[in-house]
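Coordinates from run_19.cif are shown below (mmCIF, C-alpha atoms and all ligand atoms).
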data_query
loop_
_atom_site.label_atom_id
_atom_site.label_comp_id
_atom_site.auth_asym_id
_atom_site.auth_seq_id
_atom_site.Cartn_x
_atom_site.Cartn_y
_atom_site.Cartn_z
CA MET Y 1 0.00 0.00 0.00
CA ARG Y 2 1.42 3.35 -1.06
CA THR Y 3 1.63 6.12 1.50
CA LEU Y 4 0.61 9.44 0.09
CA LYS Y 5 1.96 12.66 1.37
CA ILE Y 6 -1.04 14.82 0.67
CA VAL Y 7 -0.07 18.41 0.40
CA CYS Y 8 -3.45 19.77 -0.46
CA PRO Y 9 -5.90 18.09 1.92
CA PHE Y 10 -9.09 17.50 0.05
CA LEU Y 11 -11.17 18.64 3.00
CA SER Y 12 -9.65 22.08 3.09
CA PHE Y 13 -10.12 22.30 -0.66
CA LEU Y 14 -13.86 21.72 -0.18
CA LEU Y 15 -14.06 24.27 2.59
CA LEU Y 16 -12.17 26.74 0.48
CA CYS Y 17 -14.59 26.31 -2.40
CA GLY Y 18 -17.52 26.89 -0.11
CA CYS Y 19 -16.29 30.02 1.56
CA GLY Y 20 -15.67 32.00 -1.57
CA ASP Y 21 -13.53 35.09 -1.23
CA THR Y 22 -9.89 34.15 -1.64
CA GLY Y 23 -8.84 37.58 -2.82
CA LEU Y 24 -8.22 36.36 -6.35
CA THR Y 25 -9.84 38.21 -9.20
CA ILE Y 26 -10.22 35.75 -12.02
CA ASN Y 27 -10.56 36.85 -15.64
CA ASP Y 28 -12.81 35.31 -18.27
CA SER Y 29 -9.93 34.23 -20.42
CA THR Y 30 -8.63 30.88 -21.46
CA LYS Y 31 -4.96 31.73 -21.18
CA GLN Y 32 -4.85 34.76 -18.90
CA GLU Y 33 -7.06 33.76 -16.04
CA ILE Y 34 -5.51 36.12 -13.58
CA GLY Y 35 -3.82 39.51 -13.47
CA GLU Y 36 -3.77 42.71 -15.42
CA THR Y 37 -1.26 43.04 -18.20
CA THR Y 38 1.64 45.39 -17.95
CA GLN Y 39 2.81 46.07 -21.45
CA THR Y 40 5.64 48.06 -23.00
CA LEU Y 41 6.71 48.64 -26.55
CA ALA Y 42 9.83 50.11 -28.13
CA MET Y 43 10.56 50.57 -31.82
CA GLU Y 44 14.05 52.03 -31.62
CA ASP Y 45 16.47 52.03 -34.54
CA THR Y 46 18.79 49.82 -32.50
CA TYR Y 47 16.29 47.33 -31.10
CA LEU Y 48 12.65 46.25 -31.03
CA LYS Y 49 10.96 45.32 -27.81
CA SER Y 50 7.46 44.13 -26.92
CA VAL Y 51 6.99 42.96 -23.35
CA GLN Y 52 3.84 41.76 -21.63
CA TYR Y 53 3.68 40.39 -18.13
CA PRO Y 54 0.93 40.06 -15.53
CA GLN Y 55 0.48 41.94 -12.31
CA THR Y 56 -1.86 40.09 -10.00
CA SER Y 57 -1.96 42.19 -6.79
CA ILE Y 58 -0.33 39.27 -4.97
CA ALA Y 59 2.92 40.95 -3.95
CA GLU Y 60 5.06 37.80 -3.92
CA ILE Y 61 4.08 36.94 -7.48
CA ASP Y 62 4.32 40.48 -8.83
CA ASP Y 63 7.79 41.00 -7.37
CA LYS Y 64 9.10 37.72 -8.73
CA VAL Y 65 7.60 38.23 -12.20
CA LYS Y 66 9.06 41.74 -12.43
CA GLN Y 67 12.44 40.52 -11.30
CA VAL Y 68 12.52 37.68 -13.84
CA VAL Y 69 11.40 40.02 -16.66
CA GLN Y 70 14.00 42.60 -15.63
CA THR Y 71 16.79 40.02 -15.62
CA TYR Y 72 15.97 38.95 -19.18
CA GLU Y 73 15.58 42.56 -20.35
CA ASP Y 74 18.90 43.63 -18.82
CA ASN Y 75 20.61 40.66 -20.37
CA PHE Y 76 19.09 41.51 -23.76
CA MET Y 77 20.15 45.17 -23.56
CA MET Y 78 23.71 44.13 -22.71
CA GLN Y 79 23.77 41.90 -25.77
CA VAL Y 80 22.33 44.69 -27.93
CA GLU Y 81 25.25 46.90 -27.00
CA ALA Y 82 27.71 44.19 -27.94
CA ALA Y 83 25.85 43.01 -31.04
CA ALA Y 84 27.25 43.63 -34.48
CA SER Y 85 24.43 41.95 -36.34
CA GLN Y 86 22.86 43.46 -39.44
CA GLN Y 87 19.40 42.67 -38.22
CA VAL Y 88 17.78 44.87 -35.59
CA PRO Y 89 17.78 42.84 -32.34
CA GLU Y 90 14.33 41.95 -31.06
CA PHE Y 91 13.05 41.10 -27.61
CA ASN Y 92 9.60 39.73 -26.86
CA ILE Y 93 7.85 38.45 -23.77
CA THR Y 94 4.30 37.14 -23.61
CA TYR Y 95 2.68 35.20 -20.83
CA GLU Y 96 -0.06 32.88 -19.76
CA SER Y 97 -1.54 32.84 -16.26
CA TYR Y 98 -3.76 30.23 -14.65
CA VAL Y 99 -5.64 29.77 -11.42
CA LYS Y 100 -6.56 26.36 -10.12
CA ASP Y 101 -9.02 25.78 -7.27
CA ASP Y 102 -9.02 29.51 -6.44
CA ARG Y 103 -5.68 28.84 -4.84
CA TYR Y 104 -2.80 27.80 -7.10
CA VAL Y 105 -1.62 30.62 -9.33
CA SER Y 106 0.64 29.64 -12.23
CA ILE Y 107 2.53 32.07 -14.41
CA LEU Y 108 4.25 31.07 -17.64
CA LEU Y 109 6.57 33.64 -19.21
CA LEU Y 110 7.53 32.98 -22.83
CA ILE Y 111 10.71 34.82 -23.66
CA TYR Y 112 11.96 35.26 -27.19
CA GLU Y 113 15.08 37.08 -28.26
CA LYS Y 114 16.59 37.46 -31.66
CA ILE Y 115 20.08 38.86 -31.82
CA GLU Y 116 22.30 36.81 -34.09
CA ASP Y 117 20.19 33.72 -33.51
CA THR Y 118 16.79 33.18 -32.04
CA GLN Y 119 16.62 32.01 -28.46
CA THR Y 120 13.44 31.11 -26.63
CA TYR Y 121 13.06 30.44 -22.93
CA CYS Y 122 10.13 29.64 -20.72
CA GLU Y 123 9.90 30.46 -17.06
CA THR Y 124 7.23 28.89 -14.92
CA MET Y 125 6.21 29.74 -11.39
CA VAL Y 126 3.46 28.29 -9.24
CA PHE Y 127 2.32 30.05 -6.09
CA ASP Y 128 0.06 28.58 -3.42
CA ASN Y 129 -1.95 31.63 -2.45
CA LYS Y 130 -3.49 29.91 0.53
CA ASP Y 131 -0.29 28.79 2.22
CA LYS Y 132 1.54 31.78 0.69
CA LYS Y 133 4.43 29.78 -0.71
CA TRP Y 134 6.10 28.90 -3.98
CA MET Y 135 5.43 25.35 -5.07
CA THR Y 136 7.77 22.68 -6.34
CA LEU Y 137 6.79 19.30 -7.75
CA GLU Y 138 7.06 17.80 -4.25
CA ASP Y 139 4.14 19.98 -3.21
CA VAL Y 140 1.99 18.61 -6.01
CA VAL Y 141 2.72 14.88 -6.02
CA SER Y 142 3.95 12.48 -3.40
CA MET Y 143 7.66 11.80 -3.73
CA ASP Y 144 7.32 8.74 -1.51
CA SER Y 145 5.68 7.02 -4.45
CA ASP Y 146 7.20 5.94 -7.75
CA VAL Y 147 5.75 9.05 -9.37
CA LEU Y 148 8.96 10.00 -11.17
CA SER Y 149 9.14 6.63 -12.93
CA TYR Y 150 5.52 7.04 -13.86
CA LEU Y 151 6.05 10.58 -15.21
CA SER Y 152 9.11 9.45 -17.13
CA ARG Y 153 7.30 6.49 -18.71
CA GLU Y 154 4.32 8.60 -19.68
CA ALA Y 155 6.51 11.43 -21.03
CA ILE Y 156 8.49 9.01 -23.23
CA SER Y 157 5.37 7.52 -24.78
CA TYR Y 158 3.79 10.99 -25.14
CA PHE Y 159 6.79 12.32 -27.08
CA LYS Y 160 7.34 9.14 -29.12
CA GLU Y 161 3.79 9.40 -30.36
CA ARG Y 162 4.12 13.08 -31.34
CA TYR Y 163 7.72 13.26 -32.52
CA PRO Y 164 8.50 9.72 -33.67
CA GLY Y 165 11.66 10.68 -35.53
CA GLU Y 166 13.35 12.62 -32.73
CA CYS Y 167 13.32 10.28 -29.75
CA SER Y 168 16.34 8.02 -30.15
CA ASN Y 169 19.22 10.26 -29.08
CA ASP Y 170 21.02 10.73 -25.75
CA ALA Y 171 19.51 14.14 -25.08
CA PHE Y 172 16.03 12.65 -25.30
CA ARG Y 173 16.91 9.79 -22.94
CA THR Y 174 18.60 12.11 -20.44
CA HIS Y 175 15.83 14.69 -20.31
CA THR Y 176 12.96 12.23 -20.03
CA SER Y 177 14.53 10.00 -17.38
CA ALA Y 178 12.98 9.59 -13.93
CA ALA Y 179 15.03 12.42 -12.42
CA ILE Y 180 13.39 15.27 -10.57
CA GLN Y 181 15.25 17.95 -12.56
CA ASN Y 182 13.35 16.84 -15.67
CA PHE Y 183 10.05 17.83 -14.10
CA THR Y 184 10.73 21.16 -12.41
CA ASN Y 185 9.37 23.52 -15.06
CA PHE Y 186 5.60 23.17 -14.77
CA ILE Y 187 2.31 24.95 -14.28
CA LEU Y 188 -1.00 23.78 -12.83
CA ARG Y 189 -3.98 24.17 -15.14
CA LYS Y 190 -7.61 23.33 -14.43
CA ASP Y 191 -7.34 19.80 -15.73
CA GLY Y 192 -3.72 18.84 -15.29
CA ILE Y 193 -0.02 19.63 -15.02
CA VAL Y 194 1.87 20.97 -18.03
CA PHE Y 195 5.64 20.50 -18.05
CA TYR Y 196 7.77 22.83 -20.19
CA TYR Y 197 11.10 22.15 -21.86
CA ASP Y 198 13.26 24.83 -23.48
CA ASN Y 199 14.80 24.21 -26.85
CA ASN Y 200 17.96 22.11 -26.71
CA THR Y 201 16.79 20.06 -23.77
CA ILE Y 202 14.59 17.25 -25.05
CA PHE Y 203 14.46 18.48 -28.63
CA ASP Y 204 16.02 21.34 -30.56
CA HIS Y 205 12.68 23.16 -30.24
CA ASP Y 206 10.52 24.02 -27.21
CA THR Y 207 8.10 21.39 -26.17
CA THR Y 208 5.52 20.64 -23.49
CA TYR Y 209 4.16 17.51 -21.93
CA SER Y 210 0.87 17.46 -20.08
CA ILE Y 211 -0.79 14.92 -17.86
CA SER Y 212 -4.22 15.17 -16.28
CA TYR Y 213 -4.91 15.02 -12.57
CA ASP Y 214 -7.12 12.00 -13.29
CA GLU Y 215 -4.15 10.11 -14.71
CA LEU Y 216 -2.05 11.25 -11.75
CA LYS Y 217 -4.69 10.25 -9.25
CA PRO Y 218 -2.56 7.71 -7.32
CA TYR Y 219 0.09 10.38 -6.75
CA THR Y 220 -1.78 13.60 -6.08
CA ALA Y 221 -4.73 15.03 -4.21
CA ILE Y 222 -5.27 17.72 -6.82
CA ARG Y 223 -8.31 17.07 -8.97
CA ASN Y 224 -9.64 17.96 -12.35
CA GLU Y 225 -11.97 20.92 -12.34
CA ALA Y 226 -14.81 21.47 -14.77
CA SER Y 227 -13.67 24.19 -17.17
CA LYS Y 228 -15.35 27.54 -16.88
CA ALA Y 229 -17.85 28.62 -19.52
CA TYR Y 230 -16.54 31.05 -22.07
CA VAL Y 231 -18.03 34.52 -22.31
CA PRO Y 232 -21.40 33.95 -23.96
CA TYR Y 233 -21.93 35.34 -27.41
CA ASP Y 234 -25.36 36.84 -27.43
CA ASP Y 235 -26.06 37.53 -31.08
CA ILE Y 236 -26.46 41.25 -30.72
CA LEU Y 237 -23.83 42.30 -33.16
CA ASN Y 238 -25.99 44.59 -35.24
CA GLU Y 239 -23.67 47.24 -36.53
CA PRO Y 240 -25.06 50.80 -36.44
CA THR Y 241 -26.00 52.43 -39.72
CA LYS Y 242 -23.40 54.87 -40.86
CA HIS Y 243 -23.52 57.79 -43.22
CA ILE Y 244 -20.23 58.40 -44.95
CA ASP Y 245 -20.04 61.26 -47.45
CA PRO Y 246 -17.54 60.18 -50.13
CA ASP Y 247 -17.00 63.82 -51.11
CA LYS Y 248 -15.83 64.91 -47.68
CA PRO Y 249 -12.36 64.24 -46.25
CA MET Y 250 -11.88 61.18 -44.07
CA VAL Y 251 -9.15 59.59 -41.98
CA ALA Y 252 -8.81 56.30 -40.11
CA LEU Y 253 -7.67 56.27 -36.50
CA THR Y 254 -5.98 52.97 -35.66
CA PHE Y 255 -5.01 51.58 -32.27
CA ASP Y 256 -2.46 48.76 -32.00
CA ASP Y 257 -1.40 46.22 -29.39
CA GLY Y 258 -4.59 46.22 -27.30
CA PRO Y 259 -7.22 45.87 -26.20
CA SER Y 260 -6.24 47.14 -22.80
CA LYS Y 261 -8.65 46.83 -19.92
CA ARG Y 262 -7.33 50.11 -18.59
CA TYR Y 263 -7.40 52.38 -21.64
CA THR Y 264 -9.47 51.00 -24.50
CA ARG Y 265 -12.81 51.71 -22.86
CA SER Y 266 -12.34 55.50 -22.78
CA ILE Y 267 -11.45 55.49 -26.49
CA LEU Y 268 -14.58 53.47 -27.27
CA ASP Y 269 -16.66 55.89 -25.15
CA ALA Y 270 -15.39 58.90 -27.12
CA LEU Y 271 -15.91 57.16 -30.48
CA LYS Y 272 -19.47 56.37 -29.48
CA GLU Y 273 -20.18 59.87 -28.17
CA TYR Y 274 -19.10 61.47 -31.47
CA ASN Y 275 -20.54 58.76 -33.71
CA ALA Y 276 -17.07 58.00 -35.03
CA SER Y 277 -15.31 54.74 -35.91
CA ALA Y 278 -11.78 53.46 -35.54
CA THR Y 279 -9.83 50.29 -36.25
CA PHE Y 280 -8.28 48.25 -33.46
CA PHE Y 281 -5.39 46.01 -34.45
CA VAL Y 282 -5.55 43.66 -31.52
CA LEU Y 283 -3.14 41.00 -30.33
CA GLY Y 284 -4.67 37.54 -30.12
CA SER Y 285 -3.30 37.17 -26.61
CA ASN Y 286 -4.99 40.40 -25.47
CA ALA Y 287 -8.24 39.65 -27.30
CA GLU Y 288 -8.78 36.54 -25.22
CA ARG Y 289 -8.29 38.61 -22.11
CA ALA Y 290 -10.97 41.20 -22.97
CA PRO Y 291 -13.71 39.58 -25.05
CA ASP Y 292 -16.26 42.14 -23.81
CA LEU Y 293 -14.23 44.97 -25.35
CA LEU Y 294 -13.96 43.17 -28.68
CA GLN Y 295 -17.69 42.58 -28.82
CA ARG Y 296 -18.29 46.22 -27.99
CA MET Y 297 -15.91 47.36 -30.76
CA VAL Y 298 -17.89 45.44 -33.35
CA MET Y 299 -21.31 46.40 -31.97
CA GLU Y 300 -20.42 50.08 -32.13
CA GLY Y 301 -19.28 49.99 -35.74
CA ASN Y 302 -15.52 49.79 -35.25
CA GLU Y 303 -13.28 47.41 -37.13
CA ILE Y 304 -10.98 44.78 -35.64
CA GLY Y 305 -7.75 43.90 -37.40
CA ASN Y 306 -5.21 41.16 -36.75
CA HIS Y 307 -1.93 42.32 -35.14
CA THR Y 308 -0.70 38.72 -34.61
CA TYR Y 309 -0.85 36.66 -31.46
CA SER Y 310 2.32 37.66 -29.64
CA HIS Y 311 3.79 40.70 -31.46
CA LYS Y 312 6.92 39.15 -32.92
CA GLN Y 313 8.55 40.73 -35.94
CA LEU Y 314 7.17 38.46 -38.67
CA THR Y 315 9.91 39.07 -41.23
CA THR Y 316 12.35 37.06 -39.14
CA LEU Y 317 10.08 34.06 -38.63
CA SER Y 318 9.57 30.90 -40.67
CA LYS Y 319 6.45 30.75 -42.82
CA GLU Y 320 5.00 28.14 -40.55
CA HIS Y 321 5.50 30.35 -37.52
CA ILE Y 322 4.05 33.42 -39.31
CA GLU Y 323 0.96 31.39 -40.19
CA GLU Y 324 0.60 30.25 -36.60
CA GLU Y 325 0.72 33.85 -35.36
CA ILE Y 326 -1.91 34.96 -37.87
CA ILE Y 327 -4.29 32.01 -37.69
CA ALA Y 328 -4.33 31.81 -33.87
CA THR Y 329 -5.38 35.46 -33.81
CA GLN Y 330 -8.02 35.05 -36.53
CA GLU Y 331 -9.53 32.20 -34.51
CA SER Y 332 -9.38 34.08 -31.19
CA ILE Y 333 -11.20 37.05 -32.71
CA TYR Y 334 -13.72 34.87 -34.52
CA GLY Y 335 -14.43 32.98 -31.31
CA ILE Y 336 -15.40 36.24 -29.64
CA THR Y 337 -17.04 38.28 -32.41
CA HIS Y 338 -18.11 35.65 -34.98
CA THR Y 339 -16.27 37.73 -37.58
CA TYR Y 340 -12.88 37.10 -39.16
CA PRO Y 341 -10.68 40.19 -39.52
CA LYS Y 342 -9.97 41.22 -43.10
CA LEU Y 343 -6.92 43.29 -42.19
CA ILE Y 344 -3.50 42.42 -40.83
CA ARG Y 345 -1.05 44.91 -39.45
CA PRO Y 346 2.28 43.17 -38.93
CA PRO Y 347 4.09 44.18 -35.71
CA TYR Y 348 6.54 47.05 -36.24
CA GLY Y 349 5.07 47.37 -39.75
CA SER Y 350 7.60 44.78 -40.95
CA LYS Y 351 6.60 42.80 -44.02
CA ASN Y 352 8.21 40.72 -46.74
CA ASP Y 353 7.11 38.17 -49.35
CA ASN Y 354 6.52 35.48 -46.73
CA VAL Y 355 4.27 37.79 -44.72
CA LEU Y 356 2.31 38.75 -47.84
CA GLU Y 357 1.88 35.09 -48.75
CA CYS Y 358 0.78 34.08 -45.26
CA ALA Y 359 -1.75 36.93 -45.19
CA ASN Y 360 -3.69 34.68 -47.57
CA GLY Y 361 -5.90 37.35 -49.12
CA LYS Y 362 -6.20 39.55 -46.06
CA ARG Y 363 -5.03 43.09 -46.60
CA ILE Y 364 -1.75 44.18 -45.03
CA VAL Y 365 -2.19 47.61 -43.50
CA THR Y 366 0.56 49.90 -42.29
CA TRP Y 367 0.02 53.64 -41.69
CA THR Y 368 0.61 57.05 -43.22
CA LEU Y 369 0.80 59.14 -40.03
CA ASP Y 370 2.86 57.81 -37.12
CA THR Y 371 2.11 59.60 -33.84
CA ARG Y 372 5.03 57.84 -32.05
CA ASP Y 373 2.74 57.90 -29.02
CA TRP Y 374 4.64 55.01 -27.41
CA GLN Y 375 7.67 57.30 -27.28
CA HIS Y 376 6.21 60.73 -26.39
CA LYS Y 377 3.71 59.48 -23.80
CA ASP Y 378 2.34 63.03 -23.72
CA SER Y 379 -1.19 63.65 -24.95
CA ASN Y 380 -0.56 67.28 -26.04
CA THR Y 381 2.41 66.30 -28.19
CA ILE Y 382 0.42 63.49 -29.80
CA VAL Y 383 -2.56 65.76 -30.53
CA ARG Y 384 -0.29 68.46 -31.97
CA ASN Y 385 1.61 65.96 -34.16
CA VAL Y 386 -1.64 64.75 -35.66
CA CYS Y 387 -3.35 68.13 -36.11
CA ASP Y 388 -0.25 69.71 -37.70
CA THR Y 389 0.27 67.02 -40.32
CA VAL Y 390 -3.02 65.22 -40.94
CA LYS Y 391 -4.36 65.06 -44.48
CA ASN Y 392 -7.27 63.47 -46.29
CA GLY Y 393 -6.98 59.66 -46.49
CA ASP Y 394 -4.49 59.29 -43.63
CA ILE Y 395 -4.22 56.11 -41.57
CA ILE Y 396 -3.13 57.30 -38.14
CA LEU Y 397 -1.08 54.98 -35.92
CA MET Y 398 -1.63 55.00 -32.15
CA HIS Y 399 -1.53 52.39 -29.37
CA ASP Y 400 -4.25 51.82 -26.79
CA LEU Y 401 -1.57 50.90 -24.28
CA TYR Y 402 -0.90 54.15 -22.52
CA ALA Y 403 -3.00 56.69 -20.60
CA SER Y 404 -1.50 59.50 -22.71
CA SER Y 405 -2.57 57.80 -25.96
CA ALA Y 406 -6.12 57.31 -24.72
CA GLN Y 407 -6.28 60.94 -23.54
CA ALA Y 408 -4.96 62.10 -26.90
CA ALA Y 409 -7.59 60.01 -28.71
CA VAL Y 410 -10.37 61.50 -26.60
CA ILE Y 411 -9.19 65.01 -27.63
CA LEU Y 412 -8.49 64.08 -31.25
CA ILE Y 413 -11.84 62.49 -32.04
CA PRO Y 414 -13.91 65.72 -31.80
CA ARG Y 415 -10.95 67.88 -32.94
CA LEU Y 416 -10.53 65.98 -36.22
CA GLN Y 417 -14.27 66.19 -36.82
CA GLU Y 418 -14.12 69.97 -36.24
CA MET Y 419 -11.35 70.08 -38.84
CA GLY Y 420 -13.81 68.50 -41.29
CA TYR Y 421 -12.64 64.88 -41.22
CA GLN Y 422 -14.99 61.93 -41.04
CA LEU Y 423 -13.54 59.22 -38.78
CA VAL Y 424 -13.95 55.92 -40.58
CA THR Y 425 -12.53 52.41 -40.32
CA VAL Y 426 -9.60 51.31 -42.48
CA SER Y 427 -11.86 49.12 -44.65
CA GLU Y 428 -14.26 52.04 -45.14
CA LEU Y 429 -11.34 54.25 -46.10
CA TYR Y 430 -10.25 51.66 -48.69
CA THR Y 431 -13.77 51.56 -50.09
CA TYR Y 432 -13.52 55.23 -51.02
CA TYR Y 433 -9.81 55.66 -51.59
CA GLY Y 434 -8.49 52.27 -52.67
CA GLN Y 435 -5.06 51.22 -51.41
CA PRO Y 436 -3.25 54.42 -50.42
ZN ZN Y 501 2.28 46.75 -32.33
#

Could I get this file's structure written as structure tokens?
Amino acid sequence: MRTLKIVCPFLSFLLLCGCGDTGLTINDSTKQEIGETTQTLAMEDTYLKSVQYPQTSIAEIDDKVKQVVQTYEDNFMMQVEAAASQQVPEFNITYESYVKDDRYVSILLLIYEKIEDTQTYCETMVFDNKDKKWMTLEDVVSMDSDVLSYLSREAISYFKERYPGECSNDAFRTHTSAAIQNFTNFILRKDGIVFYYDNNTIFDHDTTYSISYDELKPYTAIRNEASKAYVPYDDILNEPTKHIDPDKPMVALTFDDGPSKRYTRSILDALKEYNASATFFVLGSNAERAPDLLQRMVMEGNEIGNHTYSHKQLTTLSKEHIEEEIIATQESIYGITHTYPKLIRPPYGSKNDNVLECANGKRIVTWTLDTRDWQHKDSNTIVRNVCDTVKNGDIILMHDLYASSAQAAVILIPRLQEMGYQLVTVSELYTYYGQP
């Protein structure tokens, strides 16, 4: 008879479920269940940077996440200074965050840097918000059992099935053996544990291995949870009737990198108040985090465009990877709005033949007026830049990532109308002006 060291007593789990308030605010998102996104962007001549990480209001988690992000960023900036590569170095972080049983908070940071070569890393952290401690595998499964042999056996058959040609070398055998260090990088999802492996451990690419709590039943007290219902789609997407005068000047305001729970709403409010439209080039990762905002965009006559899933510079990716970035975002947006975007704006405006091919009939949209709002972060400067240079047919680039950009948009919407411009979506602009 196996003795189980039960770390999460089932009884306290039941009590916890009954008593409700655990201080965790859980989002309606499949991959970002907890936290608000902190997001920064830089499009310098010497490097490109797009960083997203969660802040959860649990101090231990927030401090650790910030520290990990900072370490990678510092390391990247040091390499940028030393780099002599022809390509502009790029740094990208996206994340996923999960909550299990209102108690276990898991954060997965996906780090991508491209200097001479591409490197990807994943960092996982699991925090027990009830006992206020970081968790290791020993806290999840009983080490008194033969759980490591079991995990190893299951991992080997899991990978052999998926990557039959890549499983006969020493690296594979070493990194799937029944050693604890092969199972340290994991997160707890609703239905099971997911283990992560960086490239050049098991394979020369990143990989994951997941196992459900049901399968792990002899070794753990953690149980599968029924998955939460997705935000309901309530068939109310009747776009308002619009009156566009083809003989009057028009411009398209565009907002990239969102939606942001903090700033997008005020832009939508102003658009609605002045009966104006804009185009939001959303990231697939952010869309899933704010489905209500996406539905509102469509309902109020705005357009949603595809800005890829994780904001990597597409021109440096393989075709397969470009397609993944585009299709995952198309599907995220369709899942929420029942409409596929017709427009793609590649991150940093970077495009090449591969990008055009992978767009597969969707229009690639850049811009004609760059506010550089991510750099100025001052609403007056942004408003002045636009008002001084705007002309008929312009596509104006902004980001709904910063308070200053949202404030500028709120000023610009009535101001541009006073100047005689109709504020239309990018597709509407194309209808009257063709490809600028
Ligand atoms: Zn962007």

Which residues of chain Y have any atom within 9 Å of an atom in ligand ZN 501 (chain Y) when counting only C-alpha atoms and all ligand atoms, and what is the closest pair of atoms for each, with the distance in Å to one decimal? Order the rows by chain and rising number and write it as CSV.
residue,atom,partner,partner_atom,distance
Y:Leu41,CA,Y:ZN501,ZN,7.5
Y:Ser50,CA,Y:ZN501,ZN,7.9
Y:Phe255,CA,Y:ZN501,ZN,8.7
Y:Asp256,CA,Y:ZN501,ZN,5.2
Y:Asp257,CA,Y:ZN501,ZN,4.7
Y:Gly258,CA,Y:ZN501,ZN,8.5
Y:Phe281,CA,Y:ZN501,ZN,8.0
Y:Val282,CA,Y:ZN501,ZN,8.5
Y:Leu283,CA,Y:ZN501,ZN,8.2
Y:His307,CA,Y:ZN501,ZN,6.7
Y:Thr308,CA,Y:ZN501,ZN,8.9
Y:His311,CA,Y:ZN501,ZN,6.3
Y:Lys312,CA,Y:ZN501,ZN,8.9
Y:Arg345,CA,Y:ZN501,ZN,8.1
Y:Pro346,CA,Y:ZN501,ZN,7.5
Y:Pro347,CA,Y:ZN501,ZN,4.6
Y:Tyr348,CA,Y:ZN501,ZN,5.8
Y:Gly349,CA,Y:ZN501,ZN,8.0
Y:His399,CA,Y:ZN501,ZN,7.4

Nearest to Y:Arg153 by atom-to-atom distance, counting all atoms listed in the file, from Y:Ser405, Y:Ser266, Y:Ile115, Y:Ile211: Y:Ile211

How big is the axis-aligned box, and where does its centre sit, when it encloses all atoms of stretch 273-291 of chain Y listed in the file and has 8 Å added on every side, reported in Å to one decimal as AutoDock Vina command-line options?
--center_x -11.8 --center_y 49.0 --center_z -29.2 --size_x 33.4 --size_y 40.9 --size_z 30.1

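For the residues Y:Glu300, Y:Asp353, Y:Asp191, Y:Glu113, ranking by smallest atom-to-atom distance to Y:Lys242 using all atoms listed in the file places Y:Glu300 first.
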
To one decimal place, how far is atom CA of Y:Ile187 from atom CA of Y:Leu108 in Å?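 If I compute the distance from atom CA of Y:Ile187 to atom CA of Y:Leu108, I get 7.2 Å.
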
Would you compute the distance between atom CA of Y:Tyr197 and atom CA of Y:Ala83? Give it in Å to one decimal.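 We find that atom CA of Y:Tyr197 and atom CA of Y:Ala83 lie 27.1 Å from each other.
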
Near Y:Gln375, within 12 Å and counting all atoms listed in the file, which residues show up once chain neighbours fewer than 2 positions away are dropped, as a ChimeraX atom specification? /Y:40-44,370-373,377-379,381-382,398-399,401-402,404-405

Straight-line distance linking atom CA of Y:Arg415 with atom CA of Y:Arg262, stated in Å to one decimal: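 Here the two named atoms are 23.1 Å from each other.
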
Could you name the residues that touch stretch 155-164 of chain Y at 10 Å or less, counting all atoms listed in the file, but leaving out those on the same chain fewer than 4 positions away, as a PDB file with C-alpha atoms, in the frame of the given file?
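Written file, part.pdb:
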ATOM      1  CA  SER Y 149       9.140   6.630 -12.930  1.00  0.00           C
ATOM      2  CA  TYR Y 150       5.520   7.040 -13.860  1.00  0.00           C
ATOM      3  CA  LEU Y 151       6.050  10.580 -15.210  1.00  0.00           C
ATOM      4  CA  SER Y 168      16.340   8.020 -30.150  1.00  0.00           C
ATOM      5  CA  PHE Y 172      16.030  12.650 -25.300  1.00  0.00           C
ATOM      6  CA  ARG Y 173      16.910   9.790 -22.940  1.00  0.00           C
ATOM      7  CA  HIS Y 175      15.830  14.690 -20.310  1.00  0.00           C
ATOM      8  CA  THR Y 176      12.960  12.230 -20.030  1.00  0.00           C
ATOM      9  CA  SER Y 177      14.530  10.000 -17.380  1.00  0.00           C
ATOM     10  CA  ALA Y 178      12.980   9.590 -13.930  1.00  0.00           C
ATOM     11  CA  PHE Y 195       5.640  20.500 -18.050  1.00  0.00           C
ATOM     12  CA  ILE Y 202      14.590  17.250 -25.050  1.00  0.00           C
ATOM     13  CA  PHE Y 203      14.460  18.480 -28.630  1.00  0.00           C
ATOM     14  CA  THR Y 207       8.100  21.390 -26.170  1.00  0.00           C
ATOM     15  CA  THR Y 208       5.520  20.640 -23.490  1.00  0.00           C
ATOM     16  CA  TYR Y 209       4.160  17.510 -21.930  1.00  0.00           C
ATOM     17  CA  SER Y 210       0.870  17.460 -20.080  1.00  0.00           C
ATOM     18  CA  ILE Y 211      -0.790  14.920 -17.860  1.00  0.00           C
TER      19      ILE Y 211
END

Just checking: using all atoms listed in the file, which residue out of Y:Thr329, Y:Ser145, Y:Thr220, Y:Asn199 ends up closest to Y:Thr118? Y:Asn199

So which one's closest to Y:Asn224, Y:Arg363, Y:Lys190, Y:Arg103, Y:Lys132? Using all atoms listed in the file, please.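 Of all the options, Y:Lys190 lies closest to Y:Asn224.
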
Around (-2.2, 43.9, -44.1) in the file's frame, which residues reach within 9 Å when counting only C-alpha atoms? Return as a list in words?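 Residues satisfying the cut-off, written out: Gly305, Asn306, Lys342, Leu343, Ile344, Arg345, Pro346, Lys351, Val355, Leu356, Ala359, Lys362, Arg363, Ile364, Val365 and Thr366 of chain Y.
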
I need every residue sitting at most 12 Å from the point (-12.2, 62.9, -31.4) (coordinates as in the file, only C-alpha atoms considered), written as an NGL selection string. :Y and (251-253 or 266-278 or 383 or 386-387 or 406-424)
